[in-house]
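**Q** One structure coming up, written as structure tokens, with questions to follow.
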Amino acid sequence: MFLLQDERRYADPEYEPLLLVRWIVRRPLIVASISISISIILTIVCVTQPISIDKRTESFRVRNDAAVKNWDAFLTARSDSIHLRAQPLVDIEDPSNSRRFAAGEGGPLGDVAASLERRHAIGYISFVYEDTSSTGERNLLSETPLHKIHDFEQRLLSDKEYAKFCKVQTKKTRVTRDGEVLLPQTEWRDECEPPVSVLNYFYPSRNSSEPRKYRLYDVYDFDGRGEMYGINDVKMMFAYADDKFSWFFDRNFSMWRQRSQVLRSLFVFGGPLPGFNSTEGLELELQRDILFKWLMPLANQWKDNSTDELRIMYHGTRVTEAEVDEVIKFDVLFAVASLVVVAIWMWLHMRSVILTAAGMFHILLSIPAGYFVIRIIFQDKYLGILMCMAIFVILGIGCDDVFILYDAWTQSAVQNKNILRSLESRLDWVFRRAVGTMFVTSFTTAAAFLANVFSALVPIRMFGIFMAMIVVFNFLLVVTWFPSVLIICHRAFNKQEAQVDTVPEPAPASAVENPQSNLTISLAKSLSGSSSEVSLDGIDDEVQPEPPGEEVGNPFPDPHKLGKSERFFFYNYVPAIDGMNQLIVGIGLMLLIAFSIVALFLKPHPGEPQFFPPNHQLAHMAFLEQTTFPLESGSYESVSVVWGIKGIDREKADSFNPDDLGDVEWNSDFNLADPSSQEHLLNAFYAILEAQDSRNSSLVMLDQKLEDLHRCFVCAFKDWRLSNNLTFPVESADEFWSSIKQYLREDGSRFQNDLGWSDDDDPSNQRLRYVSFNFRSTLNSAIATSYEKDLALAAWSAVVARINAAAPEAAQGAFPTSKLFMWHITETNLVSTALYGTLASLLIAFVIMTVFTANIIVSLMALGTIVGIVAALAAFMVVAGWSIGIIESVAFTIVVGLSVDYSVHIGVSYIHFSRHWFLADRDRREIVQYAMAEIGTSVVGGAVTTACSVLSLFFCTITFFRTFGQFVFVNILLSLLSSVTLFVALLLLWGPRGFQGTIKILLPKHAVEGF
């Protein structure tokens, strides 16, 4: 067994070191070149591949739940279908047939009006203004803040490039001659569509020189281009208009409270731009690129327009994406800071610039090597935001491995002469002493990451695979590249030592030295640039006494020869823990019970994952829309009821690609041309409006006064038919299809996305695939509890089930779907992912520890310690006010992998010493003393390195990074504290002696016989 160290093997004349050891010692340059060349080649291959980081929160959703499948089917159906749009304002073929804005009215069309350029929206910028003054009542509807907002918007409108991108409207304008308005004469003019802004009404422009003759609406154009009109008059107009202008203000604005602490505006940009013929597909993206080049310099200036009294926030097409990219680039600098801190700590530990550079180099190369497996072997192009955190995790894991290997190398310098007779035997001892432990910890950590494969969330699944591959490559490099560099440097800086590439003849059996325990001896660092390591010729014979005959003498050297840190563990720390071991175990048990009870109050994170912290402008805008602006703003999620879709088939979908949702399964029996189907859908709409859930009626719909927020195509189609003296329902199928298409082209633009048609070049063959009704629910996804969302989903499902029960055959299979339901299922799944992922990781860690230590007692002690760490972390989250979101769910599954390292290191060292002395009359305290003296320094060093690697994440802007850093930092502190206190106390009380608790079937035959 790799972990079983028996120095007596080196006295055997027939013994040969491990094959890899012989290769490294005899040809270190070749081994180093091969290992690092392969990694560099894999890196180059990855760099040549197009890389795009997925920053969308929509990717973090489950795929295997019925509610989520319904939502994915609806989204895919909308993208796979065509949507009949209203006819354009101008018919290019025959401008005389152009449709006017107002039926029956019009005038001569100008030459420019015959162009369709910039009539369709290709992008937008939304501004939110907030009164942030610290004194007085916050109110933006006063002269000073309105002037500031108006000046800000006018700077954008007056930009010399604005007219090239604004959305164009053809407006009917009154004709004036010599200051007189000649009513009703009008003319058509093309002009930029004014922004959707409350400033349009406070700063109207006059279109007549005789304002006293006509009404306000006849005299003024509300375009924001004039002088300020009476503030009180405009506010009174808003108040009397009830909900028509509520979009602009906070939800408390009313007749009696004509104040608002927030306002907002919307600027829409139009296409197709000159040189383009479409606003879809690739042409749309190219036009947005052009728009972005103009907007981005302006956006950089907008950041400086906020003051202490007025905060200006914005988001929009491509601008938001650019800001996210900028934040990511800024946060990457903290990764550089982590590299510097870890490199400094590594140098302080090894005192060698060469070894520090070699260690950091192979740690960083393991990242693209791991991505090579994902990108090239698995052919998966996905690179999520979570995967960017790999560098912070692998820094700690990789440095821990480097420290373990290097410390074993320094310890080997004082072993007996059989071990030190050649570099091969010495490195072989190092490999058996350190690589086995590293293999256990690396394998356990990789397995813990791979537990995420069972997650229903694709980004978490890919993150787990990615991290597992990185850990594997890091282990391979640390046992090939790093020891090769170590041997090269050792030979370069130790001129006195003979360069032995083969194993020399061993000393006679009578001269065999006593096997020396592998203690952690603090020696002068051999690779600091000068030769200070004990050479073969300089080893003092007193350190390796001759054994009395055939009997094994005391192999322990004088403890006073240990280094400072080792002497601390040997003489101070372990005796102190031993003096209160029962108290520590008792407190640990009580804390475990308390932490487990507190952990029960841990809840899932409500709503969508938050990419930015609350104080960031994008996050604060979302918060204001959810809590401050009125219901119409979209704070309250919409619910769609859909006919014509069976579901979604994921059989051929790539389960590792969040964009591959699958293929829509259409309901071939759905036929809206059937009169009974038309009647049924009409009745279904009103049945949903009137539905009451017995548990909570508010869960189903909003108040009836907001009925205009709901979209019912069949209702509007019926009204249109009746207004044109036509009957409803339509009896003839041919008449129905021609009539419905005529309605959509003339007056149905509001419902164009609620109906999906088959994509056929021949319009006569286009058939209606699905119909959806849209309702505004009463739930705010950000503040509603999980219980309320459960009730809402159940209520909607029950209502639609009753509707399906009364449906004719041609209108069967309706289902409710909503982004609200999708995120609710995801929230619930995050909890189960954390729970089952942690349990799976615990099981995997326990099995691995048991197999490689071959001791059930130590494995159970380590398992109990890790369970306590998990419970403490969960309790910490509750006390800190955290909830289980995406990062927390991922972090919980890797807690075991990160926590097991320290317990395994201590446990393996304890087993090594206990098995060496199972016949000796030694107590557990002395065994633990030597075990902690051997491994304690490496454990603390590895923990400090990991903590330092994530400490810089505390200062990141992205919430994912910051939360992950805090979680891992707390995890490392708890793991270190638990391992060196609770786990050590457990070993002092019940640690196995000799072969106690050993599963002998897991031991190699020579190990059982040897002991």
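Going through the structure tokens in order, the chains are called A, B, and so on, while each chain numbers its residues from 1 and the ligands are numbered from 1 in the order shown.
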What are the closest atom pairs, with distances in Å to one decimal, for each residue of stretch 353-375 of chain A lying within 10 Å of stretch 392-405 of chain A, using only C-alpha atoms, rows by chain and rising residue number, as JSON lines?

**A**
```
{"residue": "A:Leu355", "atom": "CA", "partner": "A:Val402", "partner_atom": "CA", "distance": 9.4}
{"residue": "A:Thr356", "atom": "CA", "partner": "A:Val402", "partner_atom": "CA", "distance": 9.3}
{"residue": "A:Ala358", "atom": "CA", "partner": "A:Val402", "partner_atom": "CA", "distance": 9.9}
{"residue": "A:Gly359", "atom": "CA", "partner": "A:Val402", "partner_atom": "CA", "distance": 6.7}
{"residue": "A:Met360", "atom": "CA", "partner": "A:Cys399", "partner_atom": "CA", "distance": 8.0}
{"residue": "A:His362", "atom": "CA", "partner": "A:Gly398", "partner_atom": "CA", "distance": 8.6}
{"residue": "A:Ile363", "atom": "CA", "partner": "A:Gly398", "partner_atom": "CA", "distance": 5.8}
{"residue": "A:Leu364", "atom": "CA", "partner": "A:Leu395", "partner_atom": "CA", "distance": 8.0}
{"residue": "A:Ser366", "atom": "CA", "partner": "A:Ile394", "partner_atom": "CA", "distance": 8.5}
{"residue": "A:Ile367", "atom": "CA", "partner": "A:Ile394", "partner_atom": "CA", "distance": 8.2}
```

**Q** Of the residues A:Met467, A:Leu348, A:Glu153, A:Ile958, which is the one nearest to A:Asn452, using only C-alpha atoms?

**A**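 Distance minimum relative to A:Asn452 lands on A:Met467.
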
**Q** So that I can see what lies close to stretch 637-647 of chain A, please list as a PyMOL selection string the residues with an atom at most 8 Å from it, counting only C-alpha atoms and leaving out residues fewer than 6 positions away in the same chain.

**A** chain A and resi 69-70+73-74+77+664-670+769-781+800+811-820

**Q** Please dump the current selection as a CSV table (one decimal), in the first residue's frame; keep N, CA, C and O atoms.

**A**
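File written: selection_27.csv
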```csv
chain,number,residue,atom,x,y,z
A,69,LYS,N,-39.6,22.3,-17.7
A,69,LYS,CA,-39.8,21.8,-19.1
A,69,LYS,C,-40.9,22.6,-19.8
A,69,LYS,O,-40.7,22.9,-21.0
A,70,ASN,N,-42.0,22.9,-19.1
A,70,ASN,CA,-43.0,23.7,-19.7
A,70,ASN,C,-42.5,25.1,-20.1
A,70,ASN,O,-42.8,25.6,-21.2
A,73,ALA,N,-40.1,24.7,-23.1
A,73,ALA,CA,-40.9,24.4,-24.3
A,73,ALA,C,-41.5,25.7,-24.8
A,73,ALA,O,-41.5,25.9,-26.0
A,74,PHE,N,-42.0,26.5,-23.9
A,74,PHE,CA,-42.6,27.8,-24.4
A,74,PHE,C,-41.6,28.7,-25.0
A,74,PHE,O,-41.8,29.3,-26.0
A,77,ALA,N,-40.5,27.3,-28.3
A,77,ALA,CA,-41.6,27.5,-29.3
A,77,ALA,C,-41.6,28.9,-29.8
A,77,ALA,O,-41.9,29.1,-31.0
A,664,VAL,N,-39.2,21.1,-29.4
A,664,VAL,CA,-40.5,21.3,-29.0
A,664,VAL,C,-41.4,20.1,-29.5
A,664,VAL,O,-41.3,19.7,-30.7
A,665,GLU,N,-42.3,19.6,-28.6
A,665,GLU,CA,-43.2,18.6,-29.0
A,665,GLU,C,-44.6,19.4,-29.2
A,665,GLU,O,-45.2,19.9,-28.3
A,666,TRP,N,-45.0,19.4,-30.5
A,666,TRP,CA,-46.3,20.2,-30.8
A,666,TRP,C,-47.5,19.3,-30.5
A,666,TRP,O,-47.5,18.1,-30.7
A,667,ASN,N,-48.6,20.0,-30.2
A,667,ASN,CA,-49.9,19.3,-30.0
A,667,ASN,C,-50.6,19.4,-31.4
A,667,ASN,O,-51.2,20.4,-31.7
A,668,SER,N,-50.5,18.3,-32.1
A,668,SER,CA,-51.1,18.3,-33.5
A,668,SER,C,-52.6,18.3,-33.5
A,668,SER,O,-53.2,18.7,-34.5
A,669,ASP,N,-53.3,18.1,-32.3
A,669,ASP,CA,-54.7,18.1,-32.3
A,669,ASP,C,-55.2,19.5,-32.0
A,669,ASP,O,-56.4,19.8,-32.2
A,670,PHE,N,-54.3,20.5,-31.7
A,670,PHE,CA,-54.8,21.8,-31.4
A,670,PHE,C,-55.2,22.5,-32.7
A,670,PHE,O,-54.5,22.5,-33.7
A,769,ARG,N,-49.4,27.4,-34.5
A,769,ARG,CA,-48.8,26.4,-33.7
A,769,ARG,C,-49.3,26.5,-32.3
A,769,ARG,O,-49.6,25.5,-31.7
A,770,TYR,N,-49.3,27.7,-31.7
A,770,TYR,CA,-49.6,27.8,-30.3
A,770,TYR,C,-50.3,29.2,-30.1
A,770,TYR,O,-50.1,30.1,-30.9
A,771,VAL,N,-51.0,29.3,-29.0
A,771,VAL,CA,-51.6,30.5,-28.6
A,771,VAL,C,-51.4,30.6,-27.1
A,771,VAL,O,-51.4,29.6,-26.3
A,772,SER,N,-51.1,31.8,-26.6
A,772,SER,CA,-50.8,32.0,-25.1
A,772,SER,C,-51.6,33.2,-24.6
A,772,SER,O,-51.8,34.2,-25.4
A,773,PHE,N,-52.1,33.1,-23.4
A,773,PHE,CA,-52.7,34.2,-22.7
A,773,PHE,C,-51.7,34.6,-21.6
A,773,PHE,O,-51.0,33.8,-21.0
A,774,ASN,N,-51.5,35.9,-21.5
A,774,ASN,CA,-50.6,36.4,-20.5
A,774,ASN,C,-51.3,37.1,-19.4
A,774,ASN,O,-52.1,38.0,-19.6
A,775,PHE,N,-51.0,36.7,-18.1
A,775,PHE,CA,-51.6,37.3,-16.9
A,775,PHE,C,-50.5,37.9,-16.0
A,775,PHE,O,-49.4,37.4,-16.0
A,776,ARG,N,-50.9,38.9,-15.3
A,776,ARG,CA,-50.0,39.4,-14.3
A,776,ARG,C,-50.3,38.8,-12.9
A,776,ARG,O,-51.4,38.9,-12.4
A,777,SER,N,-49.3,38.1,-12.4
A,777,SER,CA,-49.5,37.4,-11.1
A,777,SER,C,-49.4,38.4,-10.0
A,777,SER,O,-49.0,39.6,-10.2
A,778,THR,N,-49.7,38.0,-8.8
A,778,THR,CA,-49.6,38.9,-7.6
A,778,THR,C,-48.3,38.6,-6.8
A,778,THR,O,-48.2,39.2,-5.7
A,779,LEU,N,-47.4,37.9,-7.3
A,779,LEU,CA,-46.2,37.5,-6.6
A,779,LEU,C,-45.0,38.3,-7.1
A,779,LEU,O,-44.7,38.3,-8.3
A,780,ASN,N,-44.3,38.9,-6.2
A,780,ASN,CA,-43.0,39.5,-6.5
A,780,ASN,C,-41.9,38.4,-6.2
A,780,ASN,O,-41.7,38.0,-5.1
A,781,SER,N,-41.2,38.0,-7.2
A,781,SER,CA,-40.3,36.9,-7.1
A,781,SER,C,-39.2,37.1,-6.1
A,781,SER,O,-38.6,36.2,-5.5
A,800,VAL,N,-55.9,25.6,-14.2
A,800,VAL,CA,-55.8,25.1,-15.6
A,800,VAL,C,-56.2,23.7,-15.8
A,800,VAL,O,-56.8,23.3,-16.8
A,811,ALA,N,-58.8,21.7,-28.2
A,811,ALA,CA,-58.2,22.7,-27.3
A,811,ALA,C,-57.7,22.1,-26.0
A,811,ALA,O,-57.7,22.7,-25.0
A,812,GLN,N,-57.3,20.8,-26.1
A,812,GLN,CA,-56.8,20.1,-24.9
A,812,GLN,C,-55.3,20.5,-24.6
A,812,GLN,O,-54.6,21.0,-25.5
A,813,GLY,N,-54.9,20.1,-23.4
A,813,GLY,CA,-53.4,20.2,-23.1
A,813,GLY,C,-52.9,21.5,-22.8
A,813,GLY,O,-51.7,21.8,-22.9
A,814,ALA,N,-53.7,22.5,-22.3
A,814,ALA,CA,-53.2,23.8,-21.8
A,814,ALA,C,-52.3,23.6,-20.6
A,814,ALA,O,-52.6,22.6,-19.8
A,815,PHE,N,-51.4,24.4,-20.4
A,815,PHE,CA,-50.6,24.4,-19.2
A,815,PHE,C,-50.1,25.8,-18.8
A,815,PHE,O,-49.9,26.7,-19.7
A,816,PRO,N,-50.0,26.1,-17.5
A,816,PRO,CA,-49.5,27.4,-17.1
A,816,PRO,C,-48.0,27.3,-17.0
A,816,PRO,O,-47.3,26.3,-16.6
A,817,THR,N,-47.3,28.4,-17.3
A,817,THR,CA,-45.9,28.5,-17.3
A,817,THR,C,-45.4,29.9,-17.0
A,817,THR,O,-46.1,30.9,-17.3
A,818,SER,N,-44.3,30.0,-16.3
A,818,SER,CA,-43.8,31.4,-15.9
A,818,SER,C,-42.4,31.3,-15.5
A,818,SER,O,-41.9,30.2,-15.0
A,819,LYS,N,-41.7,32.4,-15.7
A,819,LYS,CA,-40.3,32.5,-15.2
A,819,LYS,C,-40.3,32.3,-13.7
A,819,LYS,O,-39.3,31.9,-13.1
A,820,LEU,N,-41.4,32.8,-13.1
A,820,LEU,CA,-41.5,32.7,-11.6
A,820,LEU,C,-41.4,31.2,-11.2
A,820,LEU,O,-40.7,30.9,-10.2
```

**Q** Quick one: distance from atom CA of A:Val45 to atom CA of A:Val373 in Å, one decimal?

**A**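 The value is 11.0 Å.
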
**Q** Between A:Thr445, A:Asn416, A:Thr317, A:Thr937, which is the closest to A:Leu295 once you count only C-alpha atoms?

**A** A:Thr317

**Q** Interatomic distance between atom CA of A:Arg9 and atom CA of A:Asp428?

**A**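 These atoms are spaced 10.8 Å apart.
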
**Q** Using only C-alpha atoms for the distances, tell me which of A:Thr170, A:Ala985, A:Ile856, A:Ala335 is nearest to A:Gly586.

**A**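 Answer, going by the shortest atom-to-atom distance: A:Ala985.
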
**Q** So which residues of stretch 675-834 of chain A fall under strand (DSSP E or B) by DSSP, listed as a PyMOL selection string?

**A** chain A and resi 711+755-757+768-780+815-817

**Q** Write out as an MDAnalysis selection string the residues lying within 10 Å of A:Pro368, counting only C-alpha atoms and excluding same-chain residues fewer than 6 positions away.

**A** chainID A and resid 39:47 374:375 466 469:470 473

**Q** Excluding same-chain residues fewer than 3 positions from stretch 594-603 of chain A, what lies within 8 Å of it counting only C-alpha atoms, as a PyMOL selection string?

**A** chain A and resi 590-591+831+871-872+874-875+877-878+882-884

**Q** Got time to write the residues from that selection, all heavy atoms, as an mmCIF file, in the first residue's frame?

**A**
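Listing of again-v5.cif after writing:
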```cif
data_model
loop_
_atom_site.group_PDB
_atom_site.id
_atom_site.type_symbol
_atom_site.label_atom_id
_atom_site.label_comp_id
_atom_site.auth_asym_id
_atom_site.auth_seq_id
_atom_site.Cartn_x
_atom_site.Cartn_y
_atom_site.Cartn_z
ATOM 1 N N MET A 590 -21.543 19.224 21.664
ATOM 2 C CA MET A 590 -22.634 20.180 21.922
ATOM 3 C C MET A 590 -22.759 21.188 20.785
ATOM 4 O O MET A 590 -23.874 21.545 20.369
ATOM 5 C CB MET A 590 -22.391 20.875 23.256
ATOM 6 C CG MET A 590 -22.580 19.980 24.476
ATOM 7 S SD MET A 590 -22.504 20.892 26.033
ATOM 8 C CE MET A 590 -20.786 21.400 26.033
ATOM 9 N N LEU A 591 -21.616 21.658 20.271
ATOM 10 C CA LEU A 591 -21.661 22.600 19.156
ATOM 11 C C LEU A 591 -22.240 21.944 17.907
ATOM 12 O O LEU A 591 -22.976 22.586 17.143
ATOM 13 C CB LEU A 591 -20.262 23.132 18.861
ATOM 14 C CG LEU A 591 -19.680 24.113 19.882
ATOM 15 C CD1 LEU A 591 -18.256 24.496 19.498
ATOM 16 C CD2 LEU A 591 -20.552 25.364 19.986
ATOM 17 N N VAL A 831 -31.192 23.796 -2.935
ATOM 18 C CA VAL A 831 -31.134 23.213 -1.597
ATOM 19 C C VAL A 831 -30.835 21.726 -1.688
ATOM 20 O O VAL A 831 -29.975 21.190 -0.976
ATOM 21 C CB VAL A 831 -32.445 23.471 -0.835
ATOM 22 C CG1 VAL A 831 -32.396 22.816 0.537
ATOM 23 C CG2 VAL A 831 -32.698 24.966 -0.695
ATOM 24 N N ALA A 871 -21.835 21.420 9.382
ATOM 25 C CA ALA A 871 -22.879 21.979 10.239
ATOM 26 C C ALA A 871 -22.513 23.381 10.696
ATOM 27 O O ALA A 871 -23.375 24.281 10.743
ATOM 28 C CB ALA A 871 -23.107 21.065 11.444
ATOM 29 N N ALA A 872 -21.248 23.602 11.030
ATOM 30 C CA ALA A 872 -20.813 24.934 11.459
ATOM 31 C C ALA A 872 -20.945 25.953 10.324
ATOM 32 O O ALA A 872 -21.344 27.097 10.547
ATOM 33 C CB ALA A 872 -19.370 24.872 11.951
ATOM 34 N N ALA A 874 -23.106 25.813 7.809
ATOM 35 C CA ALA A 874 -24.535 26.086 7.616
ATOM 36 C C ALA A 874 -25.047 27.035 8.691
ATOM 37 O O ALA A 874 -25.821 27.960 8.402
ATOM 38 C CB ALA A 874 -25.321 24.775 7.639
ATOM 39 N N ALA A 875 -24.627 26.828 9.938
ATOM 40 C CA ALA A 875 -25.044 27.719 11.022
ATOM 41 C C ALA A 875 -24.490 29.123 10.812
ATOM 42 O O ALA A 875 -25.177 30.119 11.066
ATOM 43 C CB ALA A 875 -24.582 27.161 12.364
ATOM 44 N N MET A 877 -23.946 30.547 7.975
ATOM 45 C CA MET A 877 -24.747 31.182 6.922
ATOM 46 C C MET A 877 -26.044 31.736 7.491
ATOM 47 O O MET A 877 -26.474 32.838 7.123
ATOM 48 C CB MET A 877 -25.035 30.173 5.814
ATOM 49 C CG MET A 877 -23.826 29.763 5.011
ATOM 50 S SD MET A 877 -24.221 28.513 3.765
ATOM 51 C CE MET A 877 -25.432 29.397 2.781
ATOM 52 N N VAL A 878 -26.682 30.991 8.378
ATOM 53 C CA VAL A 878 -27.938 31.458 8.975
ATOM 54 C C VAL A 878 -27.686 32.708 9.807
ATOM 55 O O VAL A 878 -28.415 33.705 9.700
ATOM 56 C CB VAL A 878 -28.568 30.348 9.840
ATOM 57 C CG1 VAL A 878 -29.793 30.883 10.572
ATOM 58 C CG2 VAL A 878 -28.940 29.146 8.977
ATOM 59 N N TRP A 882 -27.287 34.732 5.308
ATOM 60 C CA TRP A 882 -27.171 34.200 3.954
ATOM 61 C C TRP A 882 -28.284 33.200 3.680
ATOM 62 O O TRP A 882 -28.963 32.730 4.586
ATOM 63 C CB TRP A 882 -25.828 33.501 3.768
ATOM 64 C CG TRP A 882 -24.643 34.410 3.782
ATOM 65 C CD1 TRP A 882 -24.642 35.754 4.065
ATOM 66 C CD2 TRP A 882 -23.286 34.062 3.535
ATOM 67 N NE1 TRP A 882 -23.380 36.248 4.010
ATOM 68 C CE2 TRP A 882 -22.508 35.235 3.681
ATOM 69 C CE3 TRP A 882 -22.640 32.879 3.206
ATOM 70 C CZ2 TRP A 882 -21.135 35.248 3.507
ATOM 71 C CZ3 TRP A 882 -21.263 32.888 3.027
ATOM 72 C CH2 TRP A 882 -20.527 34.063 3.177
ATOM 73 N N SER A 883 -28.454 32.899 2.415
ATOM 74 C CA SER A 883 -29.384 31.855 1.987
ATOM 75 C C SER A 883 -28.677 30.986 0.964
ATOM 76 O O SER A 883 -27.605 31.336 0.476
ATOM 77 C CB SER A 883 -30.662 32.466 1.390
ATOM 78 O OG SER A 883 -30.337 33.378 0.353
ATOM 79 N N ILE A 884 -29.268 29.864 0.625
ATOM 80 C CA ILE A 884 -28.634 28.943 -0.321
ATOM 81 C C ILE A 884 -28.916 29.416 -1.740
ATOM 82 O O ILE A 884 -30.016 29.242 -2.265
ATOM 83 C CB ILE A 884 -29.135 27.502 -0.125
ATOM 84 C CG1 ILE A 884 -28.772 26.989 1.259
ATOM 85 C CG2 ILE A 884 -28.520 26.589 -1.179
ATOM 86 C CD1 ILE A 884 -29.133 25.552 1.502
#
```

**Q** For stretch 283-290 of chain A, please output as a ChimeraX atom specification all residues within 7 Å (counting only C-alpha atoms; exclusion window: fewer than 5 positions along the same chain).

**A** /A:122-123,273,276,278

**Q** Between A:Asp578, A:Glu424, A:Glu143, A:Asp304, which residue has the minimum interatomic distance to A:Arg924, considering only C-alpha atoms?

**A**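 Comparing A:Asp578, A:Glu424, A:Glu143, A:Asp304 against A:Arg924, the winner is A:Asp578.
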
**Q** Tell me, which residues of stretch 204-426 of chain A carry DSSP alpha helix (DSSP H), written as JSON, numbers by chain?

**A** {"A": [216, 217, 218, 219, 231, 232, 233, 234, 235, 236, 237, 238, 239, 240, 281, 282, 283, 284, 285, 286, 287, 288, 289, 290, 291, 292, 293, 294, 295, 296, 297, 298, 299, 300, 301, 302, 319, 320, 321, 322, 323, 324, 325, 326, 327, 328, 329, 330, 331, 332, 333, 334, 335, 336, 337, 338, 339, 340, 341, 342, 343, 344, 345, 346, 347, 348, 349, 350, 353, 354, 355, 356, 357, 358, 359, 360, 361, 362, 363, 364, 365, 366, 367, 368, 369, 370, 371, 372, 390, 391, 392, 393, 394, 395, 396, 397, 398, 399, 400, 401, 402, 403, 404, 405, 406, 407, 408, 409, 410, 411, 412, 423, 424, 425, 426]}

**Q** Which polymer residues have any atom within 10 Å of an atom of A:Glu309, counting only C-alpha atoms, with same-chain residues fewer than 4 positions away left out, as a VMD selection string?

**A** chain A and resid 130 to 135 138 140 145

**Q** Could you save the residues just selected, with C-alpha atoms, as a CSV table (one decimal), in the first residue's frame?

**A**
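The result, written out as out.csv:
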```csv
chain,number,residue,atom,x,y,z
A,130,GLU,CA,-33.2,58.5,-7.5
A,131,ASP,CA,-33.3,61.3,-5.0
A,132,THR,CA,-30.4,60.4,-2.6
A,133,SER,CA,-30.4,63.7,-0.6
A,134,SER,CA,-29.8,63.1,3.1
A,135,THR,CA,-31.9,66.0,4.3
A,138,ARG,CA,-36.9,62.9,-1.1
A,140,LEU,CA,-37.7,64.5,-7.7
A,145,PRO,CA,-33.9,68.0,-9.8
```
